[in-house]
Amino acid sequence: MSRVLLVIAATGLLAGCATPSLTLLPSEEGKQGAVAVLEENGRAVDMVVSELNSRTNLSGSPRTRSIDPSKLSARQLALLQTLPPPPARLTLYFQEGTTRLTPESAPGLDFLKAEVRERPGAEVQVTGYTDTLGSADDNDALSQRRAEEVLSALADQGLDRTMMNAVGRGERELRVKTEDGVREPANRRVVVTVR
Amino acid sequence: MKRGLLLVGLLLASAQPGWAEIARIKRSAGTTAVERGKARLTPAPGFQIQPGDVLVTGKDGQMSLTFIDDTRFAVGPNSRISVDQFDYNRTTQAGTFLTSVNRGSLAVISGQIAKSRQDAMKVRTPTSLLGVRGTKFIVEVPK
């Protein structure tokens, strides 16, 4: 018994300082995440670490132990505080056939400008989406053009063009699920992401 | 094979003028550097990271960055972390991502690449290889 405890204590000490380790934490969305250990010391292993608030040593035989999330080391806390904030996303709707924002979407511009100001080194992605009318390829091209038009409009409104990218996602990620070939205004949108 | 690669290269180059950019530095404090080939560059907020870049910090250094697939990194002091591979298609949101933590510490919140396929995002340490399946974690490699 005491020998077992001694071994556990020694392992704990090693994991705590000298050996490489993996610390798995709860994700921001609270979703169940996992990290698989695929190789260790050149050997293939198949171990999935899915216990949140745990530490796994990454040399020798991997073993996962629970940790108290309120007792992370000062170094770990400092590291977590350094992580950038999550990207901000805003869906914009436009007056039919134009790049003029609908009255409901107009305040979004101020929101975007504020997000960019508060994020040093910001990058902005303007993503276009279509409904399912027309072919998938045509919709990729259409959503790309739409995103580029909106990017230009945002640049005219004072957002720095050099930090922006236009992307067309076509009919992927429909906001309202429909069959193929269906007109749906809610799916014809542009999402602006500020990272 | 070579022609295929060339074609892929041309497509990438024509699709996005800034295609080499994969992440931007958000914060850099203390002694930090980005090694690109033989060049040793000084990162500031907005600095654009490219595949192959090595993130280096001194004993008082730290930096943070966000990738174009929404992955976020925080690099702790005394670290050497290389972004070996980052291929990402913004249209399909699929790709592959390999990072090596050679020394020091790295906090990660994974993004779209990790969601695109099992083990599309991997992290290597001197003794192990990890497959990231959508989560937040810290990898520490003491000296």
# chains A, B, ... in the order shown; residues from 1 in each chain; ligands from 1
>>> select_by_dssp(residues="range 15-118 of chain A", states="strand (DSSP E or B)", output="PyMOL selection string")
chain A and resi 21-25+34-40+43-49+54-57+64-66+88-92+94+101
>>> write_last_selection(atoms="C-alpha atoms", output="PDB file, in the first residue's frame")
ATOM      1  CA  SER A  21       2.454  17.142 -19.956  1.00  0.00           C
ATOM      2  CA  LEU A  22      -0.975  17.769 -21.410  1.00  0.00           C
ATOM      3  CA  THR A  23      -3.551  19.661 -19.338  1.00  0.00           C
ATOM      4  CA  LEU A  24      -7.082  19.327 -20.690  1.00  0.00           C
ATOM      5  CA  LEU A  25      -9.511  22.104 -19.752  1.00  0.00           C
ATOM      6  CA  ALA A  34     -10.739  15.454 -26.248  1.00  0.00           C
ATOM      7  CA  VAL A  35      -7.094  15.073 -27.157  1.00  0.00           C
ATOM      8  CA  ALA A  36      -5.760  11.734 -28.382  1.00  0.00           C
ATOM      9  CA  VAL A  37      -2.231  10.604 -27.620  1.00  0.00           C
ATOM     10  CA  LEU A  38      -1.248   9.018 -30.955  1.00  0.00           C
ATOM     11  CA  GLU A  39       2.444   8.368 -30.326  1.00  0.00           C
ATOM     12  CA  GLU A  40       4.608   8.273 -27.269  1.00  0.00           C
ATOM     13  CA  ARG A  43       5.624   4.088 -30.369  1.00  0.00           C
ATOM     14  CA  ALA A  44       2.068   4.246 -31.635  1.00  0.00           C
ATOM     15  CA  VAL A  45      -0.412   4.405 -28.782  1.00  0.00           C
ATOM     16  CA  ASP A  46      -4.127   4.906 -28.868  1.00  0.00           C
ATOM     17  CA  MET A  47      -5.266   6.783 -25.824  1.00  0.00           C
ATOM     18  CA  VAL A  48      -8.022   9.368 -25.811  1.00  0.00           C
ATOM     19  CA  VAL A  49      -7.932  11.906 -23.001  1.00  0.00           C
ATOM     20  CA  SER A  54      -6.963  16.524 -16.008  1.00  0.00           C
ATOM     21  CA  ARG A  55      -3.245  16.232 -16.580  1.00  0.00           C
ATOM     22  CA  THR A  56      -1.551  13.529 -18.651  1.00  0.00           C
ATOM     23  CA  ASN A  57       2.201  12.930 -18.691  1.00  0.00           C
ATOM     24  CA  THR A  64      -4.334  10.817 -16.780  1.00  0.00           C
ATOM     25  CA  ARG A  65      -4.995  12.298 -13.352  1.00  0.00           C
ATOM     26  CA  SER A  66      -7.675  14.735 -12.216  1.00  0.00           C
ATOM     27  CA  ALA A  88     -16.733  38.165 -32.838  1.00  0.00           C
ATOM     28  CA  ARG A  89     -19.319  37.403 -35.514  1.00  0.00           C
ATOM     29  CA  LEU A  90     -22.102  39.506 -36.957  1.00  0.00           C
ATOM     30  CA  THR A  91     -24.644  38.573 -39.607  1.00  0.00           C
ATOM     31  CA  LEU A  92     -25.598  41.398 -41.964  1.00  0.00           C
ATOM     32  CA  PHE A  94     -28.861  43.928 -47.220  1.00  0.00           C
ATOM     33  CA  LEU A 101     -27.512  47.477 -45.086  1.00  0.00           C
TER      34      LEU A 101
END
>>> interface_residues(of="chain B", to="chain A", cutoff="8 Å", atoms="only C-alpha atoms", output="ChimeraX atom specification")
/B:24-27,45-47,62-66,70,72-76,90-92,106-109,125,127-143
>>> write_last_selection(atoms="C-alpha atoms", output="JSON list (two decimals), in the first residue's frame")
[["chain", "number", "residue", "atom", "x", "y", "z"],
["B", 24, "ARG", "CA", -1.88, 37.33, -36.80],
["B", 25, "ILE", "CA", -0.04, 38.21, -33.63],
["B", 26, "LYS", "CA", -2.39, 39.83, -31.13],
["B", 27, "ARG", "CA", -0.01, 40.46, -28.29],
["B", 45, "PRO", "CA", 0.26, 43.14, -32.98],
["B", 46, "GLY", "CA", -0.89, 42.57, -36.57],
["B", 47, "PHE", "CA", 2.30, 40.71, -37.59],
["B", 62, "GLN", "CA", 4.94, 35.77, -24.12],
["B", 63, "MET", "CA", 2.80, 36.16, -27.20],
["B", 64, "SER", "CA", -0.65, 35.35, -28.47],
["B", 65, "LEU", "CA", -2.09, 34.82, -31.93],
["B", 66, "THR", "CA", -5.30, 33.88, -33.72],
["B", 70, "ASP", "CA", -10.25, 30.59, -35.39],
["B", 72, "ARG", "CA", -6.02, 30.59, -30.77],
["B", 73, "PHE", "CA", -2.54, 30.20, -29.27],
["B", 74, "ALA", "CA", -0.86, 31.63, -26.19],
["B", 75, "VAL", "CA", 2.89, 31.04, -26.02],
["B", 76, "GLY", "CA", 4.53, 31.14, -22.58],
["B", 90, "ARG", "CA", -11.61, 29.09, -46.15],
["B", 91, "THR", "CA", -14.48, 27.99, -48.40],
["B", 92, "THR", "CA", -14.79, 24.41, -47.14],
["B", 106, "LEU", "CA", 1.50, 26.50, -25.34],
["B", 107, "ALA", "CA", -2.19, 27.05, -24.57],
["B", 108, "VAL", "CA", -4.57, 26.18, -27.41],
["B", 109, "ILE", "CA", -8.24, 26.72, -28.16],
["B", 125, "THR", "CA", 6.23, 17.32, -28.50],
["B", 127, "THR", "CA", 8.24, 12.64, -26.88],
["B", 128, "SER", "CA", 4.73, 12.44, -28.29],
["B", 129, "LEU", "CA", 2.20, 13.20, -30.99],
["B", 130, "LEU", "CA", -1.27, 14.46, -30.07],
["B", 131, "GLY", "CA", -4.48, 14.53, -32.10],
["B", 132, "VAL", "CA", -6.70, 17.47, -31.20],
["B", 133, "ARG", "CA", -10.42, 16.78, -31.14],
["B", 134, "GLY", "CA", -11.93, 20.17, -30.50],
["B", 135, "THR", "CA", -10.99, 21.62, -27.14],
["B", 136, "LYS", "CA", -8.92, 23.85, -24.87],
["B", 137, "PHE", "CA", -5.66, 22.56, -23.46],
["B", 138, "ILE", "CA", -2.12, 23.36, -22.37],
["B", 139, "VAL", "CA", 1.01, 21.50, -23.50],
["B", 140, "GLU", "CA", 4.11, 21.99, -21.34],
["B", 141, "VAL", "CA", 7.59, 20.82, -22.30],
["B", 142, "PRO", "CA", 10.06, 21.67, -19.51],
["B", 143, "LYS", "CA", 13.74, 21.90, -20.32]]
>>> closest_residue(among="A:Asp156, A:Arg175, A:Val150, A:Arg183", to="Thr99 in chain A", atoms="only C-alpha atoms")
A:Val150
>>> residues_around(residues="Pro51 in chain B", least_positions_apart="5", cutoff="7 Å", atoms="only C-alpha atoms", output="number ranges by chain")
B: 22, 83-86
>>> select_by_dssp(residues="chain B", states="alpha helix (DSSP H)", output="list in words")
Lys2, Arg3, Gly4, Leu5, Leu6, Leu7, Val8, Gly9, Leu10, Leu11, Leu12, Ala13, Ser14, Ala15, Gln112, Ile113, Ala114, Lys115 and Ser116 of chain B
>>> write_last_selection(atoms="N, CA and C atoms", output="tab-separated table (two decimals), in the first residue's frame")
chain	number	residue	atom	x	y	z
B	2	LYS	N	4.10	16.51	-59.55
B	2	LYS	CA	4.65	17.86	-59.50
B	2	LYS	C	3.69	18.85	-60.15
B	3	ARG	N	3.11	18.40	-61.29
B	3	ARG	CA	2.19	19.30	-61.98
B	3	ARG	C	0.97	19.60	-61.12
B	4	GLY	N	0.53	18.54	-60.40
B	4	GLY	CA	-0.61	18.72	-59.50
B	4	GLY	C	-0.29	19.75	-58.43
B	5	LEU	N	0.90	19.64	-57.87
B	5	LEU	CA	1.30	20.59	-56.81
B	5	LEU	C	1.36	22.00	-57.36
B	6	LEU	N	1.91	22.11	-58.58
B	6	LEU	CA	2.05	23.42	-59.20
B	6	LEU	C	0.67	24.04	-59.40
B	7	LEU	N	-0.26	23.19	-59.84
B	7	LEU	CA	-1.62	23.66	-60.10
B	7	LEU	C	-2.27	24.14	-58.80
B	8	VAL	N	-2.09	23.33	-57.75
B	8	VAL	CA	-2.64	23.71	-56.45
B	8	VAL	C	-2.05	25.05	-56.02
B	9	GLY	N	-0.74	25.19	-56.20
B	9	GLY	CA	-0.06	26.43	-55.84
B	9	GLY	C	-0.63	27.61	-56.60
B	10	LEU	N	-0.84	27.44	-57.90
B	10	LEU	CA	-1.37	28.52	-58.73
B	10	LEU	C	-2.78	28.89	-58.30
B	11	LEU	N	-3.58	27.85	-58.03
B	11	LEU	CA	-4.96	28.09	-57.60
B	11	LEU	C	-4.98	28.89	-56.31
B	12	LEU	N	-4.14	28.47	-55.36
B	12	LEU	CA	-4.09	29.16	-54.08
B	12	LEU	C	-3.67	30.61	-54.28
B	13	ALA	N	-2.63	30.77	-55.12
B	13	ALA	CA	-2.09	32.11	-55.32
B	13	ALA	C	-3.11	33.02	-55.99
B	14	SER	N	-3.90	32.44	-56.91
B	14	SER	CA	-4.84	33.29	-57.62
B	14	SER	C	-6.10	33.54	-56.79
B	15	ALA	N	-6.47	32.55	-55.95
B	15	ALA	CA	-7.70	32.70	-55.19
B	15	ALA	C	-7.57	33.78	-54.12
B	112	GLN	N	-11.58	25.68	-36.59
B	112	GLN	CA	-12.30	24.93	-37.63
B	112	GLN	C	-11.55	23.70	-38.11
B	113	ILE	N	-10.22	23.78	-38.22
B	113	ILE	CA	-9.47	22.63	-38.76
B	113	ILE	C	-9.69	21.40	-37.89
B	114	ALA	N	-9.62	21.58	-36.56
B	114	ALA	CA	-9.80	20.44	-35.66
B	114	ALA	C	-11.18	19.82	-35.82
B	115	LYS	N	-12.17	20.65	-36.22
B	115	LYS	CA	-13.53	20.15	-36.40
B	115	LYS	C	-13.72	19.44	-37.74
B	116	SER	N	-12.79	19.70	-38.70
B	116	SER	CA	-13.06	19.28	-40.08
B	116	SER	C	-12.90	17.77	-40.28
>>> atom_distance(atom1="CA of Asp131 in chain A", atom2="CA of Arg117 in chain B")
25.3 Å
>>> atom_distance(atom1="CA of Arg124 in chain B", atom2="CA of Thr96 in chain B")
13.6 Å
>>> residues_around(residues="Asn102 in chain B", least_positions_apart="2", cutoff="7 Å", atoms="only C-alpha atoms", output="ChimeraX atom specification")
/B:80-81,100,125-126
>>> atom_distance(atom1="CA of Ala20 in chain B", atom2="CA of Gln50 in chain B")
5.6 Å
>>> closest_residue(among="B:Ile49, B:Leu55, B:Ala23, B:Ala44", to="Arg103 in chain B", atoms="only C-alpha atoms")
B:Leu55
>>> residues_around(residues="Leu109 in chain A", least_positions_apart="4", cutoff="10 Å", atoms="only C-alpha atoms", output="compact mmCIF listing (two decimals) with N, CA and C atoms, in the first residue's frame")
# COMPACT_ATOMS: atom_id res chain seq x y z
N LEU A 90 -20.88 38.73 -36.77
CA LEU A 90 -22.10 39.51 -36.96
C LEU A 90 -22.69 39.19 -38.32
N LEU A 92 -25.04 40.18 -41.37
CA LEU A 92 -25.60 41.40 -41.96
C LEU A 92 -26.59 41.03 -43.06
N LEU A 101 -26.99 48.25 -46.22
CA LEU A 101 -27.51 47.48 -45.09
C LEU A 101 -28.98 47.78 -44.86
N SER A 105 -29.81 46.17 -39.77
CA SER A 105 -28.39 45.80 -39.75
C SER A 105 -27.46 46.99 -39.65
N LYS A 113 -16.72 48.28 -36.04
CA LYS A 113 -15.64 49.24 -35.84
C LYS A 113 -15.10 49.17 -34.41
N ALA A 114 -16.03 49.04 -33.44
CA ALA A 114 -15.61 48.96 -32.03
C ALA A 114 -14.81 47.69 -31.79
N GLU A 115 -15.25 46.56 -32.37
CA GLU A 115 -14.53 45.30 -32.20
C GLU A 115 -13.11 45.40 -32.76
N LEU A 154 -17.73 47.99 -46.79
CA LEU A 154 -17.23 48.21 -45.43
C LEU A 154 -15.99 49.10 -45.45
N GLN A 157 -16.90 52.53 -45.69
CA GLN A 157 -17.44 53.01 -44.41
C GLN A 157 -16.36 53.18 -43.35
N GLY A 158 -15.11 52.98 -43.75
CA GLY A 158 -14.03 53.30 -42.82
C GLY A 158 -13.32 52.12 -42.20
N LEU A 159 -13.66 50.87 -42.60
CA LEU A 159 -12.88 49.74 -42.08
C LEU A 159 -11.64 49.55 -42.98
